[in-house]
file start_16.txt (compact mmCIF, C-alpha atoms)
# COMPACT_ATOMS: atom_id res chain seq x y z
CA MET A 3 -34.81 -131.07 -17.10
CA ILE A 4 -36.09 -132.37 -13.79
CA GLY A 5 -38.69 -129.60 -13.53
CA GLU A 6 -40.17 -130.65 -16.85
CA ALA A 7 -39.82 -134.40 -16.34
CA LEU A 8 -41.91 -134.41 -13.19
CA PRO A 9 -44.26 -131.94 -11.52
CA CYS A 10 -42.18 -129.64 -9.29
CA GLY A 11 -43.27 -126.74 -7.13
CA PRO A 12 -46.39 -125.25 -5.56
CA ASP A 13 -48.71 -125.45 -8.60
CA PRO A 14 -51.41 -128.17 -8.42
CA GLU A 15 -52.10 -128.10 -12.17
CA PRO A 16 -49.19 -130.30 -13.40
CA ILE A 17 -50.07 -132.93 -10.80
CA VAL A 18 -53.74 -132.93 -11.77
CA GLU A 19 -52.69 -133.15 -15.44
CA GLN A 20 -50.53 -136.17 -14.71
CA ILE A 21 -53.36 -137.90 -12.83
CA ARG A 22 -55.59 -137.20 -15.84
CA ALA A 23 -52.92 -138.61 -18.19
CA PHE A 24 -52.94 -141.90 -16.28
CA GLU A 25 -56.74 -141.87 -16.28
CA ALA A 26 -56.82 -141.28 -20.05
CA ALA A 27 -54.38 -144.16 -20.56
CA GLY A 28 -56.84 -146.46 -18.82
CA PHE A 29 -55.48 -146.69 -15.29
CA ASP A 30 -58.04 -147.45 -12.56
CA GLU A 31 -55.80 -146.31 -9.71
CA VAL A 32 -53.09 -143.62 -9.56
CA TYR A 33 -50.42 -143.42 -6.86
CA VAL A 34 -48.42 -140.24 -6.18
CA SER A 35 -45.05 -140.02 -4.45
CA GLN A 36 -43.57 -136.85 -2.98
CA ILE A 37 -39.78 -136.68 -3.37
CA GLY A 38 -37.83 -135.40 -0.37
CA PRO A 39 -38.49 -134.74 3.31
CA GLU A 40 -41.47 -132.37 2.85
CA GLN A 41 -44.06 -135.13 3.19
CA GLU A 42 -46.37 -133.30 5.61
CA GLY A 43 -46.36 -130.18 3.44
CA PHE A 44 -47.26 -132.31 0.44
CA LEU A 45 -50.13 -134.05 2.27
CA ALA A 46 -51.58 -130.69 3.36
CA PHE A 47 -51.22 -129.40 -0.22
CA TRP A 48 -52.92 -132.56 -1.47
CA GLU A 49 -55.95 -132.05 0.76
CA ASP A 50 -56.18 -128.30 0.16
CA GLN A 51 -55.34 -127.99 -3.52
CA ILE A 52 -55.42 -131.34 -5.32
CA LEU A 53 -58.51 -133.10 -3.99
CA PRO A 54 -60.88 -130.14 -4.58
CA GLY A 55 -59.74 -129.97 -8.23
CA LEU A 56 -60.52 -133.59 -9.01
CA MET B 22 -64.68 -140.86 -13.24
CA THR B 23 -61.65 -139.91 -11.20
CA PRO B 24 -59.39 -142.88 -10.59
CA THR B 25 -58.84 -144.16 -7.08
CA LEU B 26 -56.01 -142.16 -5.57
CA GLY B 27 -53.11 -143.64 -3.69
CA PHE B 28 -50.08 -142.44 -1.77
CA PHE B 29 -46.76 -143.85 -2.95
CA ALA B 30 -44.40 -144.27 0.02
CA SER B 31 -40.77 -144.40 -1.00
CA SER B 32 -38.69 -146.99 0.85
CA GLU B 33 -35.62 -145.46 -0.83
CA GLU B 34 -36.02 -142.24 1.13
CA HIS B 35 -37.59 -143.17 4.46
CA GLY B 36 -36.76 -145.56 7.27
CA ALA B 37 -39.40 -147.97 8.51
CA PRO B 38 -40.72 -145.83 11.44
CA ARG B 39 -41.19 -142.89 9.04
CA LEU B 40 -42.89 -145.10 6.42
CA VAL B 41 -45.36 -146.27 9.06
CA ASP B 42 -46.08 -142.67 10.11
CA LEU B 43 -46.53 -141.63 6.47
CA ALA B 44 -49.03 -144.43 5.88
CA VAL B 45 -51.04 -143.27 8.90
CA GLN B 46 -50.94 -139.66 7.67
CA ALA B 47 -51.90 -140.70 4.13
CA GLU B 48 -54.93 -142.55 5.48
CA GLN B 49 -55.90 -139.44 7.48
CA ALA B 50 -55.44 -137.27 4.37
CA GLY B 51 -58.06 -139.31 2.55
CA PHE B 52 -56.00 -141.68 0.47
CA GLU B 53 -57.77 -145.00 -0.11
CA ALA B 54 -54.64 -146.91 -0.91
CA ALA B 55 -50.87 -146.81 -0.78
CA TRP B 56 -47.91 -148.24 -2.62
CA ILE B 57 -44.71 -149.07 -0.82
CA SER B 58 -41.54 -149.71 -2.77
CA ASP B 59 -39.16 -152.55 -1.93
CA HIS B 60 -35.42 -152.40 -2.37
CA PHE B 61 -32.18 -153.66 -0.91
CA HIS B 62 -30.43 -150.54 -2.20
CA PRO B 63 -32.01 -147.16 -2.93
CA TRP B 64 -31.68 -145.80 -6.47
CA THR B 65 -29.01 -143.36 -5.26
CA HIS B 66 -26.91 -143.01 -2.09
CA ALA B 67 -28.40 -139.56 -1.58
CA GLN B 68 -31.80 -141.17 -1.00
CA GLY B 69 -30.20 -142.70 2.05
CA GLU B 70 -32.60 -145.42 3.21
CA SER B 71 -33.77 -148.89 2.31
CA PRO B 72 -35.50 -150.76 5.15
CA PHE B 73 -36.86 -154.30 4.95
CA VAL B 74 -40.31 -153.69 3.55
CA TRP B 75 -42.00 -156.64 5.30
CA ALA B 76 -41.15 -155.22 8.72
CA ALA B 77 -42.46 -151.79 7.69
CA LEU B 78 -45.66 -153.45 6.46
CA GLY B 79 -46.20 -155.03 9.87
CA GLY B 80 -46.13 -151.57 11.42
CA ILE B 81 -48.40 -150.14 8.75
CA ALA B 82 -50.87 -153.00 9.26
CA ALA B 83 -50.97 -152.31 13.00
CA ARG B 84 -51.36 -148.53 12.76
CA THR B 85 -53.82 -148.13 9.85
CA SER B 86 -57.40 -149.33 9.63
CA THR B 87 -58.79 -148.60 6.17
CA LEU B 88 -55.74 -148.03 3.95
CA ARG B 89 -55.17 -150.70 1.29
CA VAL B 90 -51.44 -151.26 0.82
CA HIS B 91 -49.59 -152.83 -2.10
CA THR B 92 -45.93 -153.60 -2.56
CA ALA B 93 -44.93 -151.70 -5.69
CA VAL B 94 -43.21 -153.78 -6.41
CA THR B 95 -41.26 -156.58 -4.86
CA CYS B 96 -39.17 -159.05 -6.82
CA PRO B 97 -39.90 -162.61 -5.67
CA THR B 98 -37.28 -164.35 -7.79
CA VAL B 99 -33.60 -163.84 -6.91
CA ARG B 100 -32.83 -162.03 -3.64
CA ILE B 101 -35.72 -163.70 -1.79
CA HIS B 102 -37.06 -167.14 -2.69
CA PRO B 103 -40.73 -167.07 -3.73
CA ALA B 104 -41.65 -169.49 -0.94
CA ILE B 105 -40.43 -166.91 1.60
CA ILE B 106 -42.29 -164.10 -0.19
CA ALA B 107 -45.40 -166.32 -0.03
CA GLN B 108 -44.97 -166.58 3.74
CA ALA B 109 -44.20 -162.86 4.21
CA ALA B 110 -47.19 -161.75 2.14
CA ALA B 111 -49.53 -164.26 3.81
CA THR B 112 -48.45 -163.03 7.24
CA VAL B 113 -49.00 -159.36 6.33
CA ALA B 114 -52.39 -160.27 4.85
CA THR B 115 -53.42 -161.82 8.19
CA MET B 116 -52.55 -158.50 9.86
CA MET B 117 -54.60 -156.37 7.45
CA PRO B 118 -57.34 -158.65 6.08
CA GLY B 119 -58.58 -157.58 2.66
CA ARG B 120 -56.21 -154.60 2.67
CA PHE B 121 -52.95 -156.02 1.36
CA GLY B 122 -51.90 -156.61 -2.22
CA LEU B 123 -48.72 -158.25 -3.46
CA GLY B 124 -47.23 -156.26 -6.32
CA VAL B 125 -44.43 -158.12 -8.09
CA GLY B 126 -41.99 -157.50 -10.91
CA THR B 127 -38.87 -158.89 -12.53
CA GLY B 128 -36.57 -156.72 -10.43
CA GLU B 129 -33.41 -154.74 -10.93
CA ALA B 130 -29.78 -155.81 -10.59
CA LEU B 131 -29.45 -152.84 -8.21
CA ASN B 132 -31.23 -154.88 -5.54
CA GLU B 133 -30.99 -158.44 -6.68
CA HIS B 134 -27.27 -158.79 -7.45
CA ILE B 135 -26.27 -158.80 -3.77
CA LEU B 136 -26.08 -162.55 -3.30
CA GLY B 137 -23.68 -162.89 -6.17
CA ALA B 138 -25.74 -164.92 -8.60
CA ALA B 139 -25.54 -164.05 -12.29
CA TRP B 140 -28.23 -161.56 -13.28
CA PRO B 141 -30.55 -163.31 -15.73
CA ARG B 142 -31.69 -161.86 -19.05
CA ALA B 143 -35.06 -160.10 -19.13
CA ASP B 144 -36.86 -163.03 -20.78
CA ILE B 145 -35.48 -165.46 -18.17
CA ARG B 146 -36.45 -163.08 -15.37
CA LEU B 147 -39.98 -162.99 -16.74
CA GLU B 148 -40.04 -166.79 -16.87
CA MET B 149 -38.79 -166.89 -13.25
CA LEU B 150 -41.49 -164.41 -12.21
CA GLU B 151 -44.16 -166.55 -13.79
CA GLU B 152 -42.96 -169.67 -11.97
CA ALA B 153 -42.59 -167.69 -8.71
CA VAL B 154 -46.20 -166.47 -8.86
CA GLU B 155 -47.39 -170.01 -9.58
CA LEU B 156 -45.44 -171.26 -6.57
CA ILE B 157 -46.70 -168.48 -4.28
CA ARG B 158 -50.29 -169.28 -5.21
CA LEU B 159 -49.65 -173.00 -4.65
CA LEU B 160 -48.40 -172.36 -1.11
CA TRP B 161 -51.32 -170.02 -0.41
CA GLN B 162 -53.68 -172.92 -1.03
CA GLY B 163 -52.46 -174.33 2.27
CA GLY B 164 -51.60 -177.93 3.00
CA GLN B 165 -48.33 -179.65 2.29
CA ARG B 166 -46.95 -178.64 -1.09
CA SER B 167 -43.99 -179.61 -3.22
CA HIS B 168 -42.80 -178.03 -6.43
CA ARG B 169 -40.01 -178.90 -8.80
CA GLY B 170 -39.81 -176.37 -11.58
CA ARG B 171 -37.21 -174.99 -13.93
CA HIS B 172 -36.08 -172.34 -11.45
CA TYR B 173 -37.43 -173.28 -8.02
CA THR B 174 -37.80 -176.31 -5.82
CA VAL B 175 -40.03 -176.53 -2.78
CA ASP B 176 -40.02 -179.69 -0.70
CA THR B 177 -43.03 -180.63 1.46
CA ALA B 178 -43.67 -177.06 2.56
CA THR B 179 -46.75 -176.01 4.51
CA LEU B 180 -47.70 -172.39 5.11
CA TYR B 181 -49.41 -172.50 8.49
CA SER B 182 -50.35 -168.82 8.88
CA LEU B 183 -52.70 -167.96 6.04
CA PRO B 184 -55.27 -165.19 5.60
CA ASP B 185 -58.92 -166.17 4.99
CA GLU B 186 -58.61 -164.66 1.53
CA ALA B 187 -55.41 -164.72 -0.51
CA PRO B 188 -54.12 -161.26 -1.48
CA PRO B 189 -54.33 -160.17 -5.11
CA ILE B 190 -51.09 -160.30 -7.09
CA HIS B 191 -50.45 -157.32 -9.34
CA VAL B 192 -47.69 -157.62 -11.92
CA SER B 193 -45.63 -154.73 -13.23
CA GLY B 194 -44.76 -154.55 -16.89
CA PHE B 195 -42.84 -151.78 -18.63
CA GLY B 196 -42.83 -153.55 -21.98
CA PRO B 197 -45.33 -155.57 -24.04
CA LYS B 198 -44.01 -159.02 -23.05
CA ALA B 199 -44.32 -158.22 -19.36
CA ALA B 200 -47.78 -156.70 -19.89
CA GLU B 201 -48.82 -159.98 -21.55
CA VAL B 202 -47.49 -161.95 -18.59
CA ALA B 203 -49.37 -159.61 -16.23
CA ALA B 204 -52.55 -160.41 -18.16
CA ARG B 205 -51.91 -164.13 -17.97
CA ILE B 206 -50.84 -164.56 -14.36
CA GLY B 207 -51.78 -161.36 -12.52
CA ASP B 208 -54.84 -160.05 -10.74
CA GLY B 209 -53.89 -156.62 -12.01
CA TYR B 210 -51.29 -154.55 -13.82
CA VAL B 211 -48.74 -151.98 -12.61
CA ASN B 212 -46.81 -149.31 -14.52
CA VAL B 213 -45.05 -146.05 -13.69
CA ALA B 214 -45.80 -144.31 -16.98
CA PRO B 215 -49.22 -143.34 -18.39
CA ASP B 216 -48.72 -145.77 -21.27
CA LYS B 217 -52.00 -146.37 -23.03
CA ASP B 218 -50.55 -148.97 -25.41
CA LEU B 219 -49.34 -151.19 -22.57
CA VAL B 220 -52.68 -150.98 -20.77
CA GLN B 221 -54.24 -151.99 -24.08
CA THR B 222 -51.77 -154.88 -24.43
CA TYR B 223 -52.74 -156.00 -20.92
CA ARG B 224 -56.47 -155.82 -21.80
CA ASP B 225 -56.01 -157.42 -25.26
CA HIS B 226 -54.37 -160.44 -23.65
CA GLY B 227 -57.26 -161.00 -21.31
CA GLY B 228 -56.20 -158.86 -18.36
CA LYS B 229 -59.37 -158.05 -16.46
CA GLY B 230 -57.88 -156.77 -13.20
CA THR B 231 -57.16 -153.38 -11.75
CA THR B 232 -54.63 -151.24 -13.60
CA MET B 233 -52.41 -149.21 -11.29
CA GLY B 234 -50.13 -146.36 -12.27
CA GLY B 235 -47.80 -144.22 -10.22
CA PHE B 236 -45.59 -141.17 -10.56
CA LYS B 237 -43.35 -138.86 -8.56
CA VAL B 238 -43.76 -135.20 -7.80
CA CYS B 239 -41.82 -132.69 -5.78
CA TRP B 240 -44.05 -130.20 -4.03
CA ALA B 241 -42.45 -127.18 -2.33
CA LYS B 242 -43.53 -123.61 -1.63
CA GLU B 243 -41.04 -122.40 -4.25
CA ARG B 244 -40.49 -124.07 -7.60
CA GLU B 245 -36.70 -123.59 -7.45
CA GLU B 246 -36.58 -125.38 -4.12
CA ALA B 247 -38.63 -128.28 -5.52
CA VAL B 248 -36.43 -128.63 -8.60
CA LYS B 249 -33.33 -128.61 -6.40
CA THR B 250 -34.73 -131.32 -4.11
CA ALA B 251 -35.75 -133.47 -7.06
CA ARG B 252 -32.38 -132.96 -8.75
CA CYS B 253 -30.23 -133.56 -5.66
CA GLY B 254 -29.85 -137.21 -6.36
CA LEU B 255 -33.20 -138.07 -4.82
CA THR B 256 -34.35 -139.69 -7.99
CA ARG B 257 -32.51 -141.25 -10.85
CA ARG B 258 -34.04 -140.01 -14.04
CA CYS B 259 -33.35 -142.84 -16.39
CA PRO B 260 -35.77 -145.07 -18.24
CA ALA B 261 -36.92 -148.26 -16.58
CA SER B 262 -35.24 -150.32 -19.27
CA SER B 263 -31.76 -149.04 -18.42
CA ARG B 264 -32.50 -148.76 -14.71
CA SER B 265 -32.91 -152.53 -14.51
CA SER B 266 -29.30 -153.04 -15.51
CA CYS B 267 -27.70 -150.48 -13.18
CA PRO B 268 -25.54 -152.70 -10.95
CA ARG B 269 -25.57 -150.50 -7.87
CA SER B 270 -26.40 -147.06 -6.66
CA THR B 271 -23.92 -144.28 -7.33
CA THR B 272 -21.03 -143.89 -4.92
CA SER B 273 -20.20 -140.22 -5.14
CA SER B 274 -22.89 -138.41 -3.23
CA ARG B 275 -23.62 -140.26 -0.02
CA PRO B 276 -23.68 -137.73 2.80
CA ALA B 277 -21.95 -138.53 6.09
CA SER B 278 -24.34 -140.29 8.44
CA SER B 279 -24.35 -137.38 10.88
CA SER B 280 -25.65 -135.03 8.21
CA ARG B 281 -28.12 -137.33 6.53
CA PRO B 282 -31.46 -135.67 6.00
CA ARG B 283 -34.25 -137.19 8.05
call {"tool": "encode", "arguments": {"input": "start_16.txt", "output": "structure tokens"}}
result
Amino acid sequence: MIGEALPCGPDPEPIVEQIRAFEAAGFDEVYVSQIGPEQEGFLAFWEDQILPGL
Amino acid sequence: MTPTLGFFASSEEHGAPRLVDLAVQAEQAGFEAAWISDHFHPWTHAQGESPFVWAALGGIAARTSTLRVHTAVTCPTVRIHPAIIAQAAATVATMMPGRFGLGVGTGEALNEHILGAAWPRADIRLEMLEEAVELIRLLWQGGQRSHRGRHYTVDTATLYSLPDEAPPIHVSGFGPKAAEVAARIGDGYVNVAPDKDLVQTYRDHGGKGTTMGGFKVCWAKEREEAVKTARCGLTRRCPASSRSSCPRSTTSSRPASSSRPR
């Protein structure tokens, strides 16, 4: 299922978990892509809800 | 320590003006770096875009000031000759000194089949990539250069517009052989899965560079809406190994141009 294969929706936790998974695997840098037209909404969400949790 | 965070701009979903705007917004949102994908065709028709990445990079270079930007990744072997990629990347690097990185990989038939040449086997593509990177670095040294290799010939070529410092070359590898090649010829390693074993393979074979990973998400206010957007043909959920042999994007779901989402 798409919703399980990649983080979908308003919850920051699955995204933070995925960043941590890359970190645990030894990645120095992690790049995140937002699917679809809601790029501005994603960037606001990133600043408000992802960055403070890292 | 939290890894460096980057914004991954999808050339399959956005035209060049939008990609430039997104890079500016990503810089303002605090991202240190960005990836930009490079395709001739998007993964699916529904994605709807696929601009020439080198033109988009010119705009990004002009409109950003701190953002580091990497192709993730371009294929410098079949659709575009490595000598031309050497010129394109050198030009972009002069426009954003110290901020551009050339990410390369062995490519997908989806993009590279368009000129009609037979699509080489994976091991040949890896061999071509290795020679291409060697040739790109040769041209970046400046001066008049010639090369006669197994796959490429360059005759008395001089790259006149060079950056003070050559960009790093990061090599993608979704399997152990490619991760070994990344260690041997790359300044860093790229993957789109959090695969610890492949990072270890890269390190075990002497890879000392930056390891970069990337993934896709679909944020929306409602989960159902996000799942629908992600499912609506905007991404092809198939493993990289099979993706590389998909000959072209699907033909069933391209919306009429007047109703294409922007």
call {"tool": "atom_distance", "arguments": {"input": "start_16.txt", "atom1": "CA of Thr231 (chain B)", "atom2": "CA of Val211 (chain B)"}}
result
8.6 Å
call {"tool": "interface_residues", "arguments": {"input": "start_16.txt", "of": "chain A", "to": "chain B", "cutoff": "8 Å", "atoms": "all atoms listed in the file", "output": "NGL selection string"}}
result
:A and (4-5 or 8-12 or 17 or 23-41 or 43-46 or 48-49 or 56)
call {"tool": "atom_distance", "arguments": {"input": "start_16.txt", "atom1": "CA of Pro97 (chain B)", "atom2": "CA of Gly209 (chain B)"}}
result
16.5 Å
